[in-house]
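Quick look at my_file_27.txt (compact mmCIF, C-alpha atoms):
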```txt
# COMPACT_ATOMS: atom_id res chain seq x y z
CA ILE A 1 -31.31 -17.45 -26.43
CA ALA A 2 -34.68 -18.49 -27.88
CA SER A 3 -34.28 -21.85 -26.14
CA TYR A 4 -34.42 -20.30 -22.66
CA PRO A 5 -37.67 -19.70 -20.75
CA ALA A 6 -39.05 -16.17 -21.02
CA GLY A 7 -38.47 -15.54 -17.31
CA THR A 8 -34.79 -16.42 -17.64
CA VAL A 9 -34.38 -14.15 -20.64
CA VAL A 10 -36.06 -11.24 -18.85
CA ARG A 11 -33.88 -11.74 -15.78
CA ALA A 12 -30.71 -11.86 -17.90
CA ALA A 13 -31.79 -8.63 -19.59
CA GLN A 14 -32.38 -7.02 -16.19
CA ILE A 15 -28.90 -7.99 -15.02
CA LEU A 16 -27.41 -6.55 -18.21
CA HIS A 17 -29.45 -3.37 -17.80
CA ASN A 18 -28.31 -2.93 -14.20
CA THR A 19 -24.71 -3.61 -15.19
CA CYS A 20 -24.88 -0.84 -17.80
CA LEU A 21 -26.31 1.53 -15.18
CA ASP A 22 -23.51 0.62 -12.75
CA LEU A 23 -20.87 1.21 -15.42
CA THR A 24 -22.38 4.58 -16.32
CA ARG A 25 -22.53 5.58 -12.66
CA GLY A 26 -18.93 4.52 -12.11
CA GLN A 27 -17.69 6.48 -15.11
CA PHE A 28 -19.60 9.57 -13.98
CA MET A 29 -18.08 9.32 -10.50
CA ASP A 30 -14.59 8.84 -11.96
CA ILE A 31 -14.92 12.00 -14.06
CA SER A 32 -16.45 13.98 -11.18
CA TYR A 33 -13.57 12.99 -8.87
CA GLU A 34 -11.02 14.70 -11.11
CA LYS A 35 -11.86 18.15 -9.79
CA ARG A 36 -12.69 17.25 -6.19
CA ASN A 37 -10.28 17.77 -3.32
CA ASP A 38 -12.43 16.39 -0.52
CA LEU A 39 -12.11 12.68 -1.33
CA GLY A 40 -11.03 9.90 1.01
CA VAL A 41 -10.38 6.19 0.72
CA GLU A 42 -14.06 5.54 1.48
CA ASP A 43 -15.01 7.34 -1.75
CA TYR A 44 -12.80 5.09 -3.85
CA TRP A 45 -14.75 1.83 -3.52
CA PRO A 46 -18.14 3.04 -4.83
CA MET A 47 -16.39 4.53 -7.85
CA ILE A 48 -14.38 1.46 -8.86
CA SER A 49 -17.36 -0.80 -8.17
CA GLY A 50 -18.79 0.74 -11.35
CA LYS A 51 -15.83 -0.23 -13.50
CA THR A 52 -14.31 -3.66 -14.21
CA ALA A 53 -16.03 -5.00 -11.09
CA ALA A 54 -19.51 -4.25 -12.44
CA LEU A 55 -18.70 -5.76 -15.82
CA LEU A 56 -17.24 -8.98 -14.41
CA ALA A 57 -20.02 -9.31 -11.83
CA GLY A 58 -22.66 -8.99 -14.55
CA CYS A 59 -20.91 -11.49 -16.81
CA GLY A 60 -20.56 -13.98 -13.99
CA GLN A 61 -24.19 -13.67 -12.98
CA ILE A 62 -25.59 -13.91 -16.51
CA GLY A 63 -23.36 -16.86 -17.34
CA ALA A 64 -24.47 -18.69 -14.22
CA LEU A 65 -28.12 -17.88 -14.90
CA LEU A 66 -28.01 -19.19 -18.47
CA GLY A 67 -26.09 -22.23 -17.24
CA GLY A 68 -28.97 -23.15 -14.95
CA ALA A 69 -27.26 -22.38 -11.64
CA ASP A 70 -29.22 -22.03 -8.41
CA GLU A 71 -29.54 -18.77 -6.46
CA PHE A 72 -26.55 -19.51 -4.23
CA ALA A 73 -24.32 -20.09 -7.25
CA LEU A 74 -25.70 -16.99 -8.99
CA GLU A 75 -24.69 -14.85 -6.03
CA SER A 76 -21.32 -16.61 -5.73
CA TYR A 77 -20.47 -15.92 -9.37
CA ARG A 78 -21.63 -12.31 -9.04
CA SER A 79 -19.51 -11.88 -5.94
CA PHE A 80 -16.53 -13.53 -7.65
CA GLY A 81 -16.70 -11.13 -10.58
CA HIS A 82 -17.19 -8.13 -8.30
CA TYR A 83 -14.17 -8.84 -6.10
CA LEU A 84 -12.03 -9.93 -9.04
CA GLY A 85 -12.74 -6.59 -10.70
CA LEU A 86 -11.89 -4.70 -7.51
CA ALA A 87 -8.64 -6.64 -7.09
CA PHE A 88 -7.71 -5.98 -10.72
CA GLN A 89 -8.33 -2.23 -10.36
CA VAL A 90 -6.42 -1.93 -7.08
CA GLN A 91 -3.49 -3.83 -8.54
CA ASP A 92 -3.63 -1.59 -11.61
CA ASP A 93 -3.38 1.41 -9.27
CA ILE A 94 -0.20 -0.05 -7.77
CA LEU A 95 1.29 -0.63 -11.21
CA GLY A 96 0.33 2.90 -12.23
CA ILE A 97 2.77 4.31 -9.69
CA TRP A 98 5.31 1.63 -8.80
CA GLY A 99 5.10 -0.79 -11.73
CA ASP A 100 7.99 -1.80 -13.96
CA GLU A 101 7.16 -0.28 -17.34
CA ALA A 102 9.29 -2.90 -19.12
CA VAL A 103 7.12 -5.65 -17.63
CA THR A 104 3.66 -4.05 -17.62
CA GLY A 105 3.87 -1.98 -20.79
CA LYS A 106 2.27 0.84 -18.79
CA SER A 107 4.08 4.02 -17.83
CA ALA A 108 4.51 4.15 -14.07
CA ALA A 109 4.63 7.94 -14.35
CA SER A 110 1.18 8.35 -15.84
CA ASP A 111 -1.07 8.15 -12.76
CA LEU A 112 0.85 10.70 -10.70
CA VAL A 113 1.42 13.06 -13.62
CA GLU A 114 -2.25 12.83 -14.62
CA GLY A 115 -3.35 13.50 -11.04
CA LYS A 116 -5.41 10.31 -10.88
CA LYS A 117 -7.27 9.82 -7.58
CA SER A 118 -6.17 6.21 -7.26
CA LEU A 119 -6.26 4.23 -4.00
CA PRO A 120 -2.60 4.86 -3.06
CA VAL A 121 -3.02 8.57 -3.75
CA LEU A 122 -6.13 8.78 -1.59
CA ALA A 123 -4.38 6.80 1.14
CA GLY A 124 -1.45 9.20 0.97
CA LEU A 125 -3.67 12.27 1.04
CA GLY A 126 -5.35 10.89 4.13
CA LYS A 127 -2.02 10.91 5.96
CA LYS A 128 -1.82 14.71 5.54
CA GLY A 129 1.97 14.48 5.32
CA GLN A 130 4.61 15.53 2.82
CA PHE A 131 2.91 13.76 -0.08
CA ALA A 132 -0.38 15.55 0.59
CA ALA A 133 1.46 18.87 0.84
CA ARG A 134 3.16 18.31 -2.52
CA TRP A 135 -0.11 17.18 -4.15
CA ALA A 136 -1.80 20.39 -2.99
CA GLU A 137 0.84 22.48 -4.74
CA GLY A 138 -0.35 21.42 -8.19
CA PRO A 139 0.52 19.03 -11.03
CA ILE A 140 3.45 16.66 -10.60
CA GLY A 141 6.02 16.75 -13.40
CA PRO A 142 7.57 13.60 -14.92
CA GLU A 143 10.93 14.50 -13.39
CA GLU A 144 9.36 14.40 -9.90
CA VAL A 145 7.62 11.07 -10.22
CA GLU A 146 10.34 8.87 -8.72
CA ALA A 147 10.78 11.04 -5.64
CA VAL A 148 7.03 11.52 -5.12
CA ALA A 149 6.38 7.78 -5.52
CA LYS A 150 9.04 7.05 -2.90
CA GLN A 151 7.51 9.60 -0.54
CA LEU A 152 4.09 8.04 -1.06
CA ALA A 153 5.47 4.59 -0.28
CA SER A 154 7.23 5.89 2.83
CA GLU A 155 3.85 7.06 4.13
CA SER A 156 2.56 3.46 3.92
CA ALA A 157 0.39 3.97 0.82
CA TYR A 158 2.06 1.08 -1.04
CA THR A 159 1.60 -1.33 1.86
CA PHE A 160 -2.00 -0.22 2.39
CA THR A 161 -2.89 -0.66 -1.28
CA HIS A 162 -1.08 -3.98 -1.61
CA GLU A 163 -2.98 -5.34 1.39
CA ALA A 164 -6.27 -4.13 -0.12
CA ALA A 165 -5.46 -5.94 -3.39
CA LYS A 166 -4.73 -9.13 -1.47
CA GLN A 167 -7.96 -8.84 0.49
CA MET A 168 -10.04 -8.40 -2.69
CA THR A 169 -8.21 -11.32 -4.34
CA ASP A 170 -8.92 -13.57 -1.36
CA LEU A 171 -12.60 -12.60 -1.42
CA ALA A 172 -12.80 -13.33 -5.17
CA LEU A 173 -11.23 -16.77 -4.74
CA THR A 174 -13.46 -17.55 -1.77
CA SER A 175 -16.52 -16.71 -3.85
CA LEU A 176 -15.29 -18.78 -6.80
CA ARG A 177 -14.62 -21.79 -4.58
CA ALA A 178 -18.12 -21.38 -3.10
CA ALA A 179 -19.56 -21.50 -6.63
CA ASP A 180 -17.54 -24.70 -7.16
CA PRO A 181 -17.25 -24.61 -10.97
CA GLN A 182 -16.49 -27.99 -12.49
CA GLY A 183 -14.49 -29.35 -15.39
CA GLU A 184 -13.01 -27.29 -18.19
CA ALA A 185 -15.15 -24.24 -17.38
CA GLY A 186 -13.97 -24.25 -13.78
CA ASP A 187 -10.34 -24.55 -14.84
CA ALA A 188 -10.84 -21.62 -17.22
CA LEU A 189 -12.24 -19.39 -14.45
CA PHE A 190 -9.34 -20.11 -12.11
CA ALA A 191 -6.91 -19.54 -15.01
CA LEU A 192 -8.63 -16.21 -15.80
CA THR A 193 -8.25 -15.13 -12.19
CA GLU A 194 -4.57 -16.02 -12.17
CA LYS A 195 -3.97 -14.22 -15.47
CA LEU A 196 -5.76 -11.02 -14.45
CA LEU A 197 -3.86 -10.83 -11.20
CA SER A 198 -0.49 -12.16 -12.35
CA HIS A 199 1.38 -8.83 -12.75
CA GLN A 200 2.94 -7.49 -9.61
CA ALA A 201 4.62 -4.19 -8.86
```
Could you write out this structure as structure tokens?
Amino acid sequence: IASYPAGTVVRAAQILHNTCLDLTRGQFMDISYEKRNDLGVEDYWPMISGKTAALLAGCGQIGALLGGADEFALESYRSFGHYLGLAFQVQDDILGIWGDEAVTGKSAASDLVEGKKSLPVLAGLGKKGQFAARWAEGPIGPEEVEAVAKQLASESAYTFTHEAAKQMTDLALTSLRAADPQGEAGDALFALTEKLLSHQA
């Protein structure tokens, strides 16, 4: 990094600093949400923006900066990482309830049993239907997961979350195409996007 101008180094350090702050904020919000019962879908996005999205956005921006990209490309790479991280998290929320454990290696029971305030759960709570009534009764046992997941899907939470994942994916790809990465590096970024978003519920 000694070969870069001082201004570039300082700016890269600022981006890293802000990324760490965003990650800390996101983790704090995630923990604070565990005991709250007044959350809606609108509360979800600020929280997950401080997770994988913040990390990928920071990496994209710093990489572009050190690669000599202009301001438009810097913002495009930041936006790409941000939306890619959001898409990854939303898809992970789907897999956490409706995923095939044999394929994902992740227990589909865990998110409901742990009471995680994921996007489909918040969408279901917002419907104020049978799922919300069951959630209010207390912890969901492993033996209830299949029935509760079906109820959640019947109240359109699966469709809502799947559409949100697609929207975030489309925004990530639009941003990456705007950045127009070339050659082997460009191929690697498109391959990374495909790999991160390849598992489906």
With a cut-off of 12 Å, could you pull out the residues of stretch 50-97 of chain A touching stretch 160-171 of chain A and give me the nearest pair of atoms for each, distance in Å to one decimal, using all atoms listed in the file, ordered by chain and ascending number, as JSON lines?
```
{"residue": "A:Ala53", "atom": "CA", "partner": "A:Met168", "partner_atom": "CA", "distance": 10.9}
{"residue": "A:Ser76", "atom": "CA", "partner": "A:Leu171", "partner_atom": "CA", "distance": 10.5}
{"residue": "A:Tyr77", "atom": "CA", "partner": "A:Leu171", "partner_atom": "CA", "distance": 11.7}
{"residue": "A:Arg78", "atom": "CA", "partner": "A:Leu171", "partner_atom": "CA", "distance": 11.8}
{"residue": "A:Ser79", "atom": "CA", "partner": "A:Leu171", "partner_atom": "CA", "distance": 8.3}
{"residue": "A:Phe80", "atom": "CA", "partner": "A:Leu171", "partner_atom": "CA", "distance": 7.4}
{"residue": "A:Gly81", "atom": "CA", "partner": "A:Leu171", "partner_atom": "CA", "distance": 10.1}
{"residue": "A:His82", "atom": "CA", "partner": "A:Met168", "partner_atom": "CA", "distance": 9.1}
{"residue": "A:Tyr83", "atom": "CA", "partner": "A:Met168", "partner_atom": "CA", "distance": 5.4}
{"residue": "A:Leu84", "atom": "CA", "partner": "A:Thr169", "partner_atom": "CA", "distance": 6.2}
{"residue": "A:Gly85", "atom": "CA", "partner": "A:Met168", "partner_atom": "CA", "distance": 8.6}
{"residue": "A:Leu86", "atom": "CA", "partner": "A:Met168", "partner_atom": "CA", "distance": 6.4}
{"residue": "A:Ala87", "atom": "CA", "partner": "A:Ala165", "partner_atom": "CA", "distance": 4.9}
{"residue": "A:Phe88", "atom": "CA", "partner": "A:Ala165", "partner_atom": "CA", "distance": 7.7}
{"residue": "A:Gln89", "atom": "CA", "partner": "A:Ala165", "partner_atom": "CA", "distance": 8.4}
{"residue": "A:Val90", "atom": "CA", "partner": "A:Ala165", "partner_atom": "CA", "distance": 5.5}
{"residue": "A:Gln91", "atom": "CA", "partner": "A:Ala165", "partner_atom": "CA", "distance": 5.9}
{"residue": "A:Asp92", "atom": "CA", "partner": "A:Ala165", "partner_atom": "CA", "distance": 9.5}
{"residue": "A:Asp93", "atom": "CA", "partner": "A:Thr161", "partner_atom": "CA", "distance": 8.3}
{"residue": "A:Ile94", "atom": "CA", "partner": "A:Thr161", "partner_atom": "CA", "distance": 7.1}
{"residue": "A:Leu95", "atom": "CA", "partner": "A:His162", "partner_atom": "CA", "distance": 10.4}
{"residue": "A:Gly96", "atom": "CA", "partner": "A:Thr161", "partner_atom": "CA", "distance": 12.0}
{"residue": "A:Ile97", "atom": "CA", "partner": "A:Thr161", "partner_atom": "CA", "distance": 11.3}
```
* To do: For A:Asp43, please output as an MDAnalysis selection string all residues within 12 Å (counting only C-alpha atoms; exclusion window: fewer than 3 positions along the same chain).
  => chainID A and resid 26 29:30 32:33 36:40 46:49 117:119 122:123 126
Centre and edge lengths, as lines of an AutoDock Vina configuration file, for the axis-aligned box enclosing every listed atom of stretch 80-84 of chain A with 3 Å of padding on each of the six sides, in Å to one decimal?
```
center_x = -14.6
center_y = -10.8
center_z = -8.3
size_x = 11.2
size_y = 11.4
size_z = 10.5
```
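Rounded to one decimal, atom CA of A:Cys20 and atom CA of A:Gly60 lie 14.3 Å from each other.
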* Structure fact -> Across A:Leu189, A:Lys116, A:Ala178, A:Thr52, the smallest distance to A:Glu34, with all atoms listed in the file counted, is shown by A:Lys116
* To do: Within 10 Å of (1.8, 13.0, -2.6) (coordinates as in the file), grab all the protein and nucleic acid residues, counting only C-alpha atoms, and write them out as a PyMOL selection string.
  => chain A and resi 112+115+120-125+127-137+140+145+147-153+155+157
* Asked: At what distance in Å, to one decimal, does atom CA of A:Leu65 lie from atom CA of A:Thr19?
  -> 14.7 Å
* To do: Calculate how many Å separate atom CA of A:Asp22 from atom CA of A:Leu66, rounding to one decimal.
  =>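 So the two atoms, atom CA of A:Asp22 and atom CA of A:Leu66, lie 21.1 Å apart.
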* **A:Leu56, A:Val41, A:Ala188, A:Val9 ranked by distance to A:Leu23, top pick (using all atoms listed in the file)** =>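 For A:Leu23, the nearest of the candidates is A:Leu56.
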* Structure fact -> Nearest to A:Thr193, restricted to all atoms listed in the file and choosing among A:Asn18, A:Ala54, A:Ala172, A:Pro142, comes out as A:Ala172
Completion of stretch 16-51 of chain A up to N, CA and C atoms, as a PDB file, in the frame of the given file:
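So result24.pdb came out as:
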```
ATOM      1  N   LEU A  16     -28.187  -7.335 -17.244  1.00  0.00           N
ATOM      2  CA  LEU A  16     -27.410  -6.550 -18.210  1.00  0.00           C
ATOM      3  C   LEU A  16     -27.732  -5.064 -18.095  1.00  0.00           C
ATOM      4  N   HIS A  17     -29.012  -4.757 -17.945  1.00  0.00           N
ATOM      5  CA  HIS A  17     -29.450  -3.370 -17.800  1.00  0.00           C
ATOM      6  C   HIS A  17     -28.820  -2.734 -16.555  1.00  0.00           C
ATOM      7  N   ASN A  18     -28.869  -3.454 -15.439  1.00  0.00           N
ATOM      8  CA  ASN A  18     -28.310  -2.930 -14.200  1.00  0.00           C
ATOM      9  C   ASN A  18     -26.789  -2.785 -14.282  1.00  0.00           C
ATOM     10  N   THR A  19     -26.158  -3.700 -15.008  1.00  0.00           N
ATOM     11  CA  THR A  19     -24.710  -3.610 -15.190  1.00  0.00           C
ATOM     12  C   THR A  19     -24.354  -2.349 -15.976  1.00  0.00           C
ATOM     13  N   CYS A  20     -25.113  -2.058 -17.019  1.00  0.00           N
ATOM     14  CA  CYS A  20     -24.880  -0.840 -17.800  1.00  0.00           C
ATOM     15  C   CYS A  20     -25.079   0.413 -16.944  1.00  0.00           C
ATOM     16  N   LEU A  21     -26.088   0.391 -16.081  1.00  0.00           N
ATOM     17  CA  LEU A  21     -26.310   1.530 -15.180  1.00  0.00           C
ATOM     18  C   LEU A  21     -25.138   1.689 -14.219  1.00  0.00           C
ATOM     19  N   ASP A  22     -24.640   0.569 -13.676  1.00  0.00           N
ATOM     20  CA  ASP A  22     -23.510   0.620 -12.750  1.00  0.00           C
ATOM     21  C   ASP A  22     -22.261   1.167 -13.441  1.00  0.00           C
ATOM     22  N   LEU A  23     -22.033   0.733 -14.675  1.00  0.00           N
ATOM     23  CA  LEU A  23     -20.870   1.210 -15.420  1.00  0.00           C
ATOM     24  C   LEU A  23     -20.972   2.709 -15.706  1.00  0.00           C
ATOM     25  N   THR A  24     -22.161   3.158 -16.059  1.00  0.00           N
ATOM     26  CA  THR A  24     -22.380   4.580 -16.320  1.00  0.00           C
ATOM     27  C   THR A  24     -22.167   5.404 -15.056  1.00  0.00           C
ATOM     28  N   ARG A  25     -22.690   4.895 -13.950  1.00  0.00           N
ATOM     29  CA  ARG A  25     -22.530   5.580 -12.660  1.00  0.00           C
ATOM     30  C   ARG A  25     -21.048   5.654 -12.273  1.00  0.00           C
ATOM     31  N   GLY A  26     -20.343   4.551 -12.452  1.00  0.00           N
ATOM     32  CA  GLY A  26     -18.930   4.520 -12.110  1.00  0.00           C
ATOM     33  C   GLY A  26     -18.113   5.490 -12.942  1.00  0.00           C
ATOM     34  N   GLN A  27     -18.416   5.556 -14.232  1.00  0.00           N
ATOM     35  CA  GLN A  27     -17.690   6.480 -15.110  1.00  0.00           C
ATOM     36  C   GLN A  27     -17.986   7.929 -14.742  1.00  0.00           C
ATOM     37  N   PHE A  28     -19.234   8.212 -14.409  1.00  0.00           N
ATOM     38  CA  PHE A  28     -19.600   9.570 -13.980  1.00  0.00           C
ATOM     39  C   PHE A  28     -18.836   9.956 -12.714  1.00  0.00           C
ATOM     40  N   MET A  29     -18.790   9.032 -11.749  1.00  0.00           N
ATOM     41  CA  MET A  29     -18.080   9.320 -10.500  1.00  0.00           C
ATOM     42  C   MET A  29     -16.593   9.543 -10.768  1.00  0.00           C
ATOM     43  N   ASP A  30     -16.011   8.711 -11.642  1.00  0.00           N
ATOM     44  CA  ASP A  30     -14.590   8.840 -11.960  1.00  0.00           C
ATOM     45  C   ASP A  30     -14.295  10.222 -12.524  1.00  0.00           C
ATOM     46  N   ILE A  31     -15.115  10.682 -13.454  1.00  0.00           N
ATOM     47  CA  ILE A  31     -14.920  12.000 -14.060  1.00  0.00           C
ATOM     48  C   ILE A  31     -15.124  13.111 -13.017  1.00  0.00           C
ATOM     49  N   SER A  32     -16.153  12.945 -12.181  1.00  0.00           N
ATOM     50  CA  SER A  32     -16.450  13.980 -11.180  1.00  0.00           C
ATOM     51  C   SER A  32     -15.358  14.087 -10.127  1.00  0.00           C
ATOM     52  N   TYR A  33     -14.628  12.988  -9.891  1.00  0.00           N
ATOM     53  CA  TYR A  33     -13.570  12.990  -8.870  1.00  0.00           C
ATOM     54  C   TYR A  33     -12.368  13.812  -9.302  1.00  0.00           C
ATOM     55  N   GLU A  34     -12.210  14.020 -10.602  1.00  0.00           N
ATOM     56  CA  GLU A  34     -11.020  14.700 -11.110  1.00  0.00           C
ATOM     57  C   GLU A  34     -10.852  16.091 -10.513  1.00  0.00           C
ATOM     58  N   LYS A  35     -11.941  16.772 -10.266  1.00  0.00           N
ATOM     59  CA  LYS A  35     -11.860  18.150  -9.790  1.00  0.00           C
ATOM     60  C   LYS A  35     -12.161  18.300  -8.298  1.00  0.00           C
ATOM     61  N   ARG A  36     -12.367  17.179  -7.615  1.00  0.00           N
ATOM     62  CA  ARG A  36     -12.690  17.250  -6.190  1.00  0.00           C
ATOM     63  C   ARG A  36     -11.444  17.096  -5.332  1.00  0.00           C
ATOM     64  N   ASN A  37     -11.414  17.833  -4.241  1.00  0.00           N
ATOM     65  CA  ASN A  37     -10.280  17.770  -3.320  1.00  0.00           C
ATOM     66  C   ASN A  37     -10.695  17.308  -1.922  1.00  0.00           C
ATOM     67  N   ASP A  38     -11.912  16.795  -1.824  1.00  0.00           N
ATOM     68  CA  ASP A  38     -12.430  16.390  -0.520  1.00  0.00           C
ATOM     69  C   ASP A  38     -12.617  14.877  -0.425  1.00  0.00           C
ATOM     70  N   LEU A  39     -11.900  14.127  -1.254  1.00  0.00           N
ATOM     71  CA  LEU A  39     -12.110  12.680  -1.330  1.00  0.00           C
ATOM     72  C   LEU A  39     -11.230  11.920  -0.343  1.00  0.00           C
ATOM     73  N   GLY A  40     -11.783  10.797   0.145  1.00  0.00           N
ATOM     74  CA  GLY A  40     -11.030   9.900   1.010  1.00  0.00           C
ATOM     75  C   GLY A  40     -11.088   8.491   0.471  1.00  0.00           C
ATOM     76  N   VAL A  41     -10.403   7.590   1.142  1.00  0.00           N
ATOM     77  CA  VAL A  41     -10.380   6.190   0.720  1.00  0.00           C
ATOM     78  C   VAL A  41     -11.788   5.628   0.612  1.00  0.00           C
ATOM     79  N   GLU A  42     -12.687   6.062   1.492  1.00  0.00           N
ATOM     80  CA  GLU A  42     -14.060   5.540   1.480  1.00  0.00           C
ATOM     81  C   GLU A  42     -14.812   5.914   0.206  1.00  0.00           C
ATOM     82  N   ASP A  43     -14.366   6.942  -0.496  1.00  0.00           N
ATOM     83  CA  ASP A  43     -15.010   7.340  -1.750  1.00  0.00           C
ATOM     84  C   ASP A  43     -14.536   6.505  -2.935  1.00  0.00           C
ATOM     85  N   TYR A  44     -13.420   5.846  -2.756  1.00  0.00           N
ATOM     86  CA  TYR A  44     -12.800   5.090  -3.850  1.00  0.00           C
ATOM     87  C   TYR A  44     -13.632   3.868  -4.238  1.00  0.00           C
ATOM     88  N   TRP A  45     -14.089   3.114  -3.243  1.00  0.00           N
ATOM     89  CA  TRP A  45     -14.750   1.830  -3.520  1.00  0.00           C
ATOM     90  C   TRP A  45     -16.046   1.960  -4.303  1.00  0.00           C
ATOM     91  N   PRO A  46     -16.929   2.900  -4.006  1.00  0.00           N
ATOM     92  CA  PRO A  46     -18.140   3.040  -4.830  1.00  0.00           C
ATOM     93  C   PRO A  46     -17.820   3.374  -6.286  1.00  0.00           C
ATOM     94  N   MET A  47     -16.752   4.155  -6.488  1.00  0.00           N
ATOM     95  CA  MET A  47     -16.390   4.530  -7.850  1.00  0.00           C
ATOM     96  C   MET A  47     -15.874   3.335  -8.637  1.00  0.00           C
ATOM     97  N   ILE A  48     -14.925   2.570  -8.076  1.00  0.00           N
ATOM     98  CA  ILE A  48     -14.380   1.460  -8.860  1.00  0.00           C
ATOM     99  C   ILE A  48     -15.331   0.263  -8.919  1.00  0.00           C
ATOM    100  N   SER A  49     -16.354   0.261  -8.063  1.00  0.00           N
ATOM    101  CA  SER A  49     -17.360  -0.800  -8.170  1.00  0.00           C
ATOM    102  C   SER A  49     -18.136  -0.682  -9.478  1.00  0.00           C
ATOM    103  N   GLY A  50     -18.102   0.511 -10.083  1.00  0.00           N
ATOM    104  CA  GLY A  50     -18.790   0.740 -11.350  1.00  0.00           C
ATOM    105  C   GLY A  50     -17.865   0.644 -12.542  1.00  0.00           C
ATOM    106  N   LYS A  51     -16.759  -0.055 -12.390  1.00  0.00           N
ATOM    107  CA  LYS A  51     -15.830  -0.230 -13.500  1.00  0.00           C
ATOM    108  C   LYS A  51     -15.726  -1.726 -13.830  1.00  0.00           C
TER     109      LYS A  51
END
```
